[in-house]
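To be precise, the following lines are target_7.pdb, and they hold PDB, C-alpha atoms.
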ATOM      1  CA  MET N   1     -25.051 -40.956 -20.887  1.00  0.00           C
ATOM      2  CA  GLY N   2     -26.332 -38.838 -18.036  1.00  0.00           C
ATOM      3  CA  ARG N   3     -28.667 -36.826 -20.275  1.00  0.00           C
ATOM      4  CA  ASP N   4     -32.403 -36.585 -20.650  1.00  0.00           C
ATOM      5  CA  SER N   5     -32.160 -36.259 -24.424  1.00  0.00           C
ATOM      6  CA  MET N   6     -29.707 -36.636 -27.290  1.00  0.00           C
ATOM      7  CA  GLU N   7     -28.667 -33.646 -29.350  1.00  0.00           C
ATOM      8  CA  LEU N   8     -29.028 -35.409 -32.714  1.00  0.00           C
ATOM      9  CA  TYR N   9     -30.730 -38.622 -33.827  1.00  0.00           C
ATOM     10  CA  GLN N  10     -30.298 -39.734 -37.453  1.00  0.00           C
ATOM     11  CA  VAL N  11     -31.715 -42.349 -39.761  1.00  0.00           C
ATOM     12  CA  HIS N  12     -28.635 -43.970 -41.284  1.00  0.00           C
ATOM     13  CA  PHE N  13     -29.845 -44.824 -44.772  1.00  0.00           C
ATOM     14  CA  PRO N  14     -33.059 -44.407 -46.758  1.00  0.00           C
ATOM     15  CA  ASN N  15     -35.318 -47.444 -46.805  1.00  0.00           C
ATOM     16  CA  ALA N  16     -36.870 -48.574 -50.060  1.00  0.00           C
ATOM     17  CA  TRP N  17     -40.291 -49.292 -48.529  1.00  0.00           C
ATOM     18  CA  SER N  18     -41.141 -47.324 -45.417  1.00  0.00           C
ATOM     19  CA  ASN N  19     -39.347 -43.996 -45.172  1.00  0.00           C
ATOM     20  CA  ALA N  20     -42.510 -42.180 -44.079  1.00  0.00           C
ATOM     21  CA  GLU N  21     -42.758 -44.402 -41.018  1.00  0.00           C
ATOM     22  CA  TYR N  22     -39.155 -43.609 -40.099  1.00  0.00           C
ATOM     23  CA  TRP N  23     -39.821 -39.889 -40.462  1.00  0.00           C
ATOM     24  CA  GLU N  24     -42.888 -40.170 -38.234  1.00  0.00           C
ATOM     25  CA  GLY N  25     -40.716 -41.946 -35.671  1.00  0.00           C
ATOM     26  CA  LEU N  26     -38.156 -39.145 -35.810  1.00  0.00           C
ATOM     27  CA  ALA N  27     -40.881 -36.568 -35.177  1.00  0.00           C
ATOM     28  CA  ASP N  28     -42.236 -38.693 -32.332  1.00  0.00           C
ATOM     29  CA  CYS N  29     -38.803 -38.693 -30.701  1.00  0.00           C
ATOM     30  CA  VAL N  30     -38.634 -34.882 -30.843  1.00  0.00           C
ATOM     31  CA  GLU N  31     -42.171 -34.489 -29.514  1.00  0.00           C
ATOM     32  CA  LEU N  32     -41.436 -36.915 -26.649  1.00  0.00           C
ATOM     33  CA  GLY N  33     -38.348 -34.899 -25.738  1.00  0.00           C
ATOM     34  CA  LEU N  34     -36.016 -37.824 -26.387  1.00  0.00           C
ATOM     35  CA  VAL N  35     -33.982 -35.872 -28.939  1.00  0.00           C
ATOM     36  CA  GLU N  36     -33.397 -32.215 -29.701  1.00  0.00           C
ATOM     37  CA  ASN N  37     -32.768 -32.544 -33.455  1.00  0.00           C
ATOM     38  CA  VAL N  38     -33.266 -35.169 -36.142  1.00  0.00           C
ATOM     39  CA  GLY N  39     -31.376 -35.887 -39.316  1.00  0.00           C
ATOM     40  CA  VAL N  40     -30.755 -38.375 -42.058  1.00  0.00           C
ATOM     41  CA  SER N  41     -27.731 -39.888 -43.743  1.00  0.00           C
ATOM     42  CA  ASN N  42     -27.061 -40.712 -47.378  1.00  0.00           C
ATOM     43  CA  TYR N  43     -30.269 -39.075 -48.602  1.00  0.00           C
ATOM     44  CA  GLY N  44     -30.384 -37.598 -52.103  1.00  0.00           C
ATOM     45  CA  ALA N  45     -31.981 -34.255 -52.939  1.00  0.00           C
ATOM     46  CA  ASP N  46     -35.488 -35.632 -53.547  1.00  0.00           C
ATOM     47  CA  ALA N  47     -35.467 -37.701 -50.351  1.00  0.00           C
ATOM     48  CA  VAL N  48     -34.187 -34.743 -48.296  1.00  0.00           C
ATOM     49  CA  GLU N  49     -37.005 -32.604 -49.663  1.00  0.00           C
ATOM     50  CA  ALA N  50     -39.629 -35.291 -48.949  1.00  0.00           C
ATOM     51  CA  CYS N  51     -38.339 -35.899 -45.433  1.00  0.00           C
ATOM     52  CA  ALA N  52     -38.153 -32.175 -44.629  1.00  0.00           C
ATOM     53  CA  ALA N  53     -41.736 -31.712 -45.847  1.00  0.00           C
ATOM     54  CA  ALA N  54     -43.027 -34.661 -43.816  1.00  0.00           C
ATOM     55  CA  LEU N  55     -41.283 -33.473 -40.666  1.00  0.00           C
ATOM     56  CA  ALA N  56     -42.449 -29.880 -41.223  1.00  0.00           C
ATOM     57  CA  LYS N  57     -46.076 -31.089 -41.108  1.00  0.00           C
ATOM     58  CA  ARG N  58     -45.322 -32.078 -37.514  1.00  0.00           C
ATOM     59  CA  GLY N  59     -43.467 -28.826 -36.775  1.00  0.00           C
ATOM     60  CA  VAL N  60     -40.089 -30.564 -36.695  1.00  0.00           C
ATOM     61  CA  PRO N  61     -37.224 -29.236 -38.839  1.00  0.00           C
ATOM     62  CA  LEU N  62     -34.836 -31.609 -40.581  1.00  0.00           C
ATOM     63  CA  PHE N  63     -31.523 -30.694 -38.986  1.00  0.00           C
ATOM     64  CA  SER N  64     -28.910 -32.573 -41.014  1.00  0.00           C
ATOM     65  CA  ASN N  65     -27.972 -34.897 -43.845  1.00  0.00           C
ATOM     66  CA  GLN N  66     -24.731 -36.811 -43.393  1.00  0.00           C
ATOM     67  CA  ILE N  67     -23.129 -37.498 -46.767  1.00  0.00           C
ATOM     68  CA  GLN N  68     -19.786 -38.371 -48.274  1.00  0.00           C
ATOM     69  CA  TYR N  69     -18.350 -34.980 -49.142  1.00  0.00           C
ATOM     70  CA  SER N  70     -14.762 -33.879 -49.647  1.00  0.00           C
ATOM     71  CA  LEU N  71     -12.407 -32.213 -52.089  1.00  0.00           C
ATOM     72  CA  LEU N  72     -12.031 -35.636 -53.709  1.00  0.00           C
ATOM     73  CA  TYR N  73     -15.764 -36.327 -53.734  1.00  0.00           C
ATOM     74  CA  PRO N  74     -17.661 -33.069 -54.323  1.00  0.00           C
ATOM     75  CA  PHE N  75     -20.557 -34.895 -56.036  1.00  0.00           C
ATOM     76  CA  ALA N  76     -23.118 -33.231 -53.740  1.00  0.00           C
ATOM     77  CA  GLU N  77     -22.255 -29.915 -55.387  1.00  0.00           C
ATOM     78  CA  GLN N  78     -22.608 -31.351 -58.881  1.00  0.00           C
ATOM     79  CA  ASN N  79     -25.895 -33.226 -58.441  1.00  0.00           C
ATOM     80  CA  GLY N  80     -27.789 -30.470 -56.593  1.00  0.00           C
ATOM     81  CA  LEU N  81     -27.836 -32.156 -53.182  1.00  0.00           C
ATOM     82  CA  LYS N  82     -25.790 -29.469 -51.411  1.00  0.00           C
ATOM     83  CA  ALA N  83     -27.913 -26.740 -52.982  1.00  0.00           C
ATOM     84  CA  LYS N  84     -31.123 -28.503 -51.886  1.00  0.00           C
ATOM     85  CA  CYS N  85     -29.825 -28.865 -48.326  1.00  0.00           C
ATOM     86  CA  ASP N  86     -28.839 -25.183 -48.292  1.00  0.00           C
ATOM     87  CA  GLU N  87     -32.252 -24.171 -49.664  1.00  0.00           C
ATOM     88  CA  LEU N  88     -34.040 -26.145 -46.926  1.00  0.00           C
ATOM     89  CA  GLY N  89     -31.703 -25.115 -44.105  1.00  0.00           C
ATOM     90  CA  VAL N  90     -30.483 -28.689 -43.671  1.00  0.00           C
ATOM     91  CA  ARG N  91     -26.899 -28.854 -42.423  1.00  0.00           C
ATOM     92  CA  VAL N  92     -24.512 -31.087 -44.342  1.00  0.00           C
ATOM     93  CA  LEU N  93     -22.423 -33.324 -42.099  1.00  0.00           C
ATOM     94  CA  ALA N  94     -19.524 -34.621 -44.165  1.00  0.00           C
ATOM     95  CA  TYR N  95     -18.255 -38.114 -43.678  1.00  0.00           C
ATOM     96  CA  SER N  96     -14.853 -38.962 -45.123  1.00  0.00           C
ATOM     97  CA  PRO N  97     -13.955 -35.257 -45.343  1.00  0.00           C
ATOM     98  CA  LEU N  98     -10.324 -36.269 -45.870  1.00  0.00           C
ATOM     99  CA  GLY N  99     -11.250 -38.323 -48.918  1.00  0.00           C
ATOM    100  CA  LEU N 100     -11.172 -41.741 -47.195  1.00  0.00           C
ATOM    101  CA  GLY N 101      -7.805 -40.746 -45.721  1.00  0.00           C
ATOM    102  CA  LEU N 102      -6.208 -39.901 -49.052  1.00  0.00           C
ATOM    103  CA  LEU N 103      -5.923 -36.202 -48.144  1.00  0.00           C
ATOM    104  CA  SER N 104      -4.497 -36.906 -44.685  1.00  0.00           C
ATOM    105  CA  GLY N 105      -0.851 -37.170 -45.732  1.00  0.00           C
ATOM    106  CA  LYS N 106      -0.711 -40.695 -44.326  1.00  0.00           C
ATOM    107  CA  TYR N 107      -0.662 -42.390 -47.734  1.00  0.00           C
ATOM    108  CA  SER N 108       1.423 -42.053 -50.880  1.00  0.00           C
ATOM    109  CA  SER N 109       2.012 -43.980 -54.078  1.00  0.00           C
ATOM    110  CA  ASP N 110       4.564 -46.010 -52.108  1.00  0.00           C
ATOM    111  CA  LYS N 111       2.348 -46.471 -49.070  1.00  0.00           C
ATOM    112  CA  LEU N 112      -1.211 -47.366 -50.055  1.00  0.00           C
ATOM    113  CA  PRO N 113      -4.019 -48.156 -47.611  1.00  0.00           C
ATOM    114  CA  SER N 114      -5.190 -51.732 -47.308  1.00  0.00           C
ATOM    115  CA  GLY N 115      -8.575 -53.113 -48.301  1.00  0.00           C
ATOM    116  CA  PRO N 116     -10.979 -51.560 -50.783  1.00  0.00           C
ATOM    117  CA  ARG N 117      -9.388 -48.115 -50.478  1.00  0.00           C
ATOM    118  CA  ALA N 118      -6.148 -49.419 -52.033  1.00  0.00           C
ATOM    119  CA  LYS N 119      -7.624 -49.370 -55.547  1.00  0.00           C
ATOM    120  CA  LEU N 120      -8.972 -45.836 -55.063  1.00  0.00           C
ATOM    121  CA  ALA N 121      -5.660 -44.666 -53.618  1.00  0.00           C
ATOM    122  CA  LYS N 122      -3.680 -46.153 -56.479  1.00  0.00           C
ATOM    123  CA  ALA N 123      -5.854 -44.330 -59.011  1.00  0.00           C
ATOM    124  CA  PHE N 124      -5.642 -41.108 -56.970  1.00  0.00           C
ATOM    125  CA  PHE N 125      -1.867 -41.120 -56.749  1.00  0.00           C
ATOM    126  CA  GLU N 126      -1.462 -42.120 -60.402  1.00  0.00           C
ATOM    127  CA  ASP N 127      -3.665 -39.161 -61.421  1.00  0.00           C
ATOM    128  CA  ASP N 128      -1.599 -36.901 -59.174  1.00  0.00           C
ATOM    129  CA  ALA N 129       1.669 -37.826 -60.909  1.00  0.00           C
TER     130      ALA N 129
END

Please re-express this file's structure in C-alpha cells.
Amino acid sequence: MGRDSMELYQVHFPNAWSNAEYWEGLADCVELGLVENVGVSNYGADAVEACAAALAKRGVPLFSNQIQYSLLYPFAEQNGLKAKCDELGVRVLAYSPLGLGLLSGKYSSDKLPSGPRAKLAKAFFEDDA
C-alpha cells in the first residue's frame, strides 16, 4: 500500500469468548504504530462501552463502530446504540446506508433485487403502495 500505517483497523464482529484479547490487540497495533485509529463493527451499546473502556485504559480511543444504519433501518436510534456512540465520541460508520439498495432508485415493485433482499424489497414496496 505504500504506507507505514493504516488509517483505520476494525474488528469485524464481536466474539462470544475473547473480546478483551481482540481489544488488547487493537491497542497493541496503535502502540506499535501499525494503525492510526481502531474501531469495531456490529457492536451493541454495551459492547461499545466495554471496548471503549478497555482501550481507554491503554490510552487508545475507540474511533468507530460500523453498523447497519439507514432511513429504512434506524434501529440504532431506537435501541440507544447511536446515543451511546455519540456519548463516547465513537463515530458511526453506516453500512447499507441506502437500505440494502432499496433507496437507490434501482429497484421497484416491478424490478426486485435477487437473493435474500428480494423478500425485503417486496415487503418494502408493498408497504409503500

Do you know which residues are at most 10 Å from segment 65-73 of chain N counting only C-alpha atoms, after dropping those on the same chain fewer than 4 positions away, and could you put them as a PyMOL selection string?
chain N and resi 10-13+38-45+48+77-78+81-82+85+90-100+102-103+124

As an MDAnalysis selection string, please: the residues near Asp4 of chain N (cut-off 9 Å, all atoms listed in the file, same-chain neighbours under 4 positions excluded).
chainID N and resid 33:35

Output file for the selection above: C-alpha atoms, as an mmCIF file, in the frame of the given file:
data_model
loop_
_atom_site.group_PDB
_atom_site.id
_atom_site.type_symbol
_atom_site.label_atom_id
_atom_site.label_comp_id
_atom_site.auth_asym_id
_atom_site.auth_seq_id
_atom_site.Cartn_x
_atom_site.Cartn_y
_atom_site.Cartn_z
ATOM 1 C CA GLY N 33 -38.348 -34.899 -25.738
ATOM 2 C CA LEU N 34 -36.016 -37.824 -26.387
ATOM 3 C CA VAL N 35 -33.982 -35.872 -28.939
#

Picked residues, the PyMOL selection byres ((chain N and resi 109) around 8), expected as a PyMOL selection string:
chain N and resi 107-108+110-112+121-122+125-126

Between atom CA of Leu120 of chain N and atom CA of Asn79 of chain N, what is the distance in Å, rounded to a tenth?
21.4 Å

Separation of atom CA of Ala50 of chain N from atom CA of Tyr9 of chain N, in Å and rounded to one decimal
17.9 Å

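We find atom CA of Arg58 of chain N and atom CA of Cys29 of chain N to be spaced 11.5 Å apart.
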
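Of the residues under consideration (N:Leu32, N:Ala118, N:Ala123, N:Asp86), N:Asp86 shows the shortest atom-to-atom contact distance to Leu62 of chain N when counting all atoms listed in the file.
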
Could the centre and edge lengths of an axis-aligned box, enclosing all atoms of segment 47-54 of chain N in the file with 6 Å extra on each side, be given in Å to one decimal as AutoDock Vina command-line options?
--center_x -38.6 --center_y -34.7 --center_z -47.1 --size_x 20.8 --size_y 18.0 --size_z 18.5

Tell me which residues come within 8 Å of (-37.7, -30.9, -42.7), as JSON, numbers by chain, counting only C-alpha atoms in the file's coordinates.
{"N": [48, 49, 50, 51, 52, 53, 54, 55, 56, 60, 61, 62, 63, 88, 90]}

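Counting only C-alpha atoms and comparing N:Trp17, N:Gly25, N:Glu31, N:Glu36, the residue that lies closest to Ser5 of chain N is N:Glu36.
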
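Across N:Lys119, N:Asp127, N:Arg3, N:Gly80, the tightest approach to Asp46 of chain N is made by N:Gly80 when counting only C-alpha atoms.
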
For segment 94-105 of chain N, which lacks atoms in the input, supply all heavy atoms and format the output as a PDB file, keeping the file's coordinate frame.
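Everything below was put into selection26.pdb:
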ATOM      1  N   ALA N  94     -20.365 -33.861 -43.240  1.00  0.00           N
ATOM      2  CA  ALA N  94     -19.524 -34.621 -44.165  1.00  0.00           C
ATOM      3  C   ALA N  94     -18.913 -35.831 -43.476  1.00  0.00           C
ATOM      4  O   ALA N  94     -18.351 -35.716 -42.399  1.00  0.00           O
ATOM      5  CB  ALA N  94     -18.414 -33.737 -44.708  1.00  0.00           C
ATOM      6  N   TYR N  95     -19.067 -36.991 -44.121  1.00  0.00           N
ATOM      7  CA  TYR N  95     -18.255 -38.114 -43.678  1.00  0.00           C
ATOM      8  C   TYR N  95     -17.175 -38.326 -44.722  1.00  0.00           C
ATOM      9  O   TYR N  95     -17.344 -37.964 -45.887  1.00  0.00           O
ATOM     10  CB  TYR N  95     -19.059 -39.377 -43.366  1.00  0.00           C
ATOM     11  CG  TYR N  95     -19.724 -40.101 -44.515  1.00  0.00           C
ATOM     12  CD1 TYR N  95     -19.007 -40.946 -45.356  1.00  0.00           C
ATOM     13  CD2 TYR N  95     -21.087 -39.998 -44.721  1.00  0.00           C
ATOM     14  CE1 TYR N  95     -19.621 -41.635 -46.378  1.00  0.00           C
ATOM     15  CE2 TYR N  95     -21.716 -40.691 -45.736  1.00  0.00           C
ATOM     16  CZ  TYR N  95     -20.974 -41.511 -46.561  1.00  0.00           C
ATOM     17  OH  TYR N  95     -21.591 -42.190 -47.578  1.00  0.00           O
ATOM     18  N   SER N  96     -16.052 -38.829 -44.285  1.00  0.00           N
ATOM     19  CA  SER N  96     -14.853 -38.962 -45.123  1.00  0.00           C
ATOM     20  C   SER N  96     -14.403 -37.617 -45.679  1.00  0.00           C
ATOM     21  O   SER N  96     -14.084 -37.505 -46.866  1.00  0.00           O
ATOM     22  CB  SER N  96     -15.074 -39.970 -46.248  1.00  0.00           C
ATOM     23  OG  SER N  96     -15.319 -41.252 -45.741  1.00  0.00           O
ATOM     24  N   PRO N  97     -14.357 -36.571 -44.832  1.00  0.00           N
ATOM     25  CA  PRO N  97     -13.955 -35.257 -45.343  1.00  0.00           C
ATOM     26  C   PRO N  97     -12.502 -35.212 -45.805  1.00  0.00           C
ATOM     27  O   PRO N  97     -12.129 -34.306 -46.542  1.00  0.00           O
ATOM     28  CB  PRO N  97     -14.193 -34.323 -44.154  1.00  0.00           C
ATOM     29  CG  PRO N  97     -14.090 -35.196 -42.957  1.00  0.00           C
ATOM     30  CD  PRO N  97     -14.632 -36.526 -43.390  1.00  0.00           C
ATOM     31  N   LEU N  98     -11.711 -36.189 -45.389  1.00  0.00           N
ATOM     32  CA  LEU N  98     -10.324 -36.269 -45.870  1.00  0.00           C
ATOM     33  C   LEU N  98     -10.194 -37.294 -46.997  1.00  0.00           C
ATOM     34  O   LEU N  98      -9.153 -37.904 -47.196  1.00  0.00           O
ATOM     35  CB  LEU N  98      -9.368 -36.607 -44.718  1.00  0.00           C
ATOM     36  CG  LEU N  98      -9.267 -35.519 -43.653  1.00  0.00           C
ATOM     37  CD1 LEU N  98      -8.357 -35.972 -42.519  1.00  0.00           C
ATOM     38  CD2 LEU N  98      -8.750 -34.223 -44.248  1.00  0.00           C
ATOM     39  N   GLY N  99     -11.286 -37.464 -47.740  1.00  0.00           N
ATOM     40  CA  GLY N  99     -11.250 -38.323 -48.918  1.00  0.00           C
ATOM     41  C   GLY N  99     -10.820 -39.745 -48.607  1.00  0.00           C
ATOM     42  O   GLY N  99      -9.914 -40.266 -49.250  1.00  0.00           O
ATOM     43  N   LEU N 100     -11.500 -40.368 -47.614  1.00  0.00           N
ATOM     44  CA  LEU N 100     -11.172 -41.741 -47.195  1.00  0.00           C
ATOM     45  C   LEU N 100      -9.723 -41.858 -46.741  1.00  0.00           C
ATOM     46  O   LEU N 100      -9.100 -42.895 -46.869  1.00  0.00           O
ATOM     47  CB  LEU N 100     -11.488 -42.741 -48.313  1.00  0.00           C
ATOM     48  CG  LEU N 100     -12.935 -42.777 -48.779  1.00  0.00           C
ATOM     49  CD1 LEU N 100     -13.084 -43.611 -50.039  1.00  0.00           C
ATOM     50  CD2 LEU N 100     -13.845 -43.305 -47.674  1.00  0.00           C
ATOM     51  N   GLY N 101      -9.178 -40.762 -46.226  1.00  0.00           N
ATOM     52  CA  GLY N 101      -7.805 -40.746 -45.721  1.00  0.00           C
ATOM     53  C   GLY N 101      -6.769 -40.328 -46.742  1.00  0.00           C
ATOM     54  O   GLY N 101      -5.612 -40.095 -46.396  1.00  0.00           O
ATOM     55  N   LEU N 102      -7.174 -40.206 -47.999  1.00  0.00           N
ATOM     56  CA  LEU N 102      -6.208 -39.901 -49.052  1.00  0.00           C
ATOM     57  C   LEU N 102      -5.663 -38.477 -48.955  1.00  0.00           C
ATOM     58  O   LEU N 102      -4.580 -38.201 -49.464  1.00  0.00           O
ATOM     59  CB  LEU N 102      -6.830 -40.140 -50.432  1.00  0.00           C
ATOM     60  CG  LEU N 102      -7.266 -41.588 -50.696  1.00  0.00           C
ATOM     61  CD1 LEU N 102      -7.902 -41.701 -52.068  1.00  0.00           C
ATOM     62  CD2 LEU N 102      -6.107 -42.551 -50.547  1.00  0.00           C
ATOM     63  N   LEU N 103      -6.393 -37.577 -48.304  1.00  0.00           N
ATOM     64  CA  LEU N 103      -5.923 -36.202 -48.144  1.00  0.00           C
ATOM     65  C   LEU N 103      -5.230 -35.981 -46.801  1.00  0.00           C
ATOM     66  O   LEU N 103      -4.868 -34.859 -46.468  1.00  0.00           O
ATOM     67  CB  LEU N 103      -7.102 -35.228 -48.279  1.00  0.00           C
ATOM     68  CG  LEU N 103      -7.811 -35.237 -49.627  1.00  0.00           C
ATOM     69  CD1 LEU N 103      -9.039 -34.331 -49.590  1.00  0.00           C
ATOM     70  CD2 LEU N 103      -6.866 -34.802 -50.736  1.00  0.00           C
ATOM     71  N   SER N 104      -5.042 -37.037 -46.037  1.00  0.00           N
ATOM     72  CA  SER N 104      -4.497 -36.906 -44.685  1.00  0.00           C
ATOM     73  C   SER N 104      -2.977 -36.801 -44.646  1.00  0.00           C
ATOM     74  O   SER N 104      -2.410 -36.420 -43.622  1.00  0.00           O
ATOM     75  CB  SER N 104      -4.926 -38.106 -43.835  1.00  0.00           C
ATOM     76  OG  SER N 104      -4.283 -39.293 -44.299  1.00  0.00           O
ATOM     77  N   GLY N 105      -2.307 -37.147 -45.732  1.00  0.00           N
ATOM     78  CA  GLY N 105      -0.851 -37.170 -45.732  1.00  0.00           C
ATOM     79  C   GLY N 105      -0.285 -38.500 -45.260  1.00  0.00           C
ATOM     80  O   GLY N 105       0.925 -38.709 -45.288  1.00  0.00           O
TER      81      GLY N 105
END
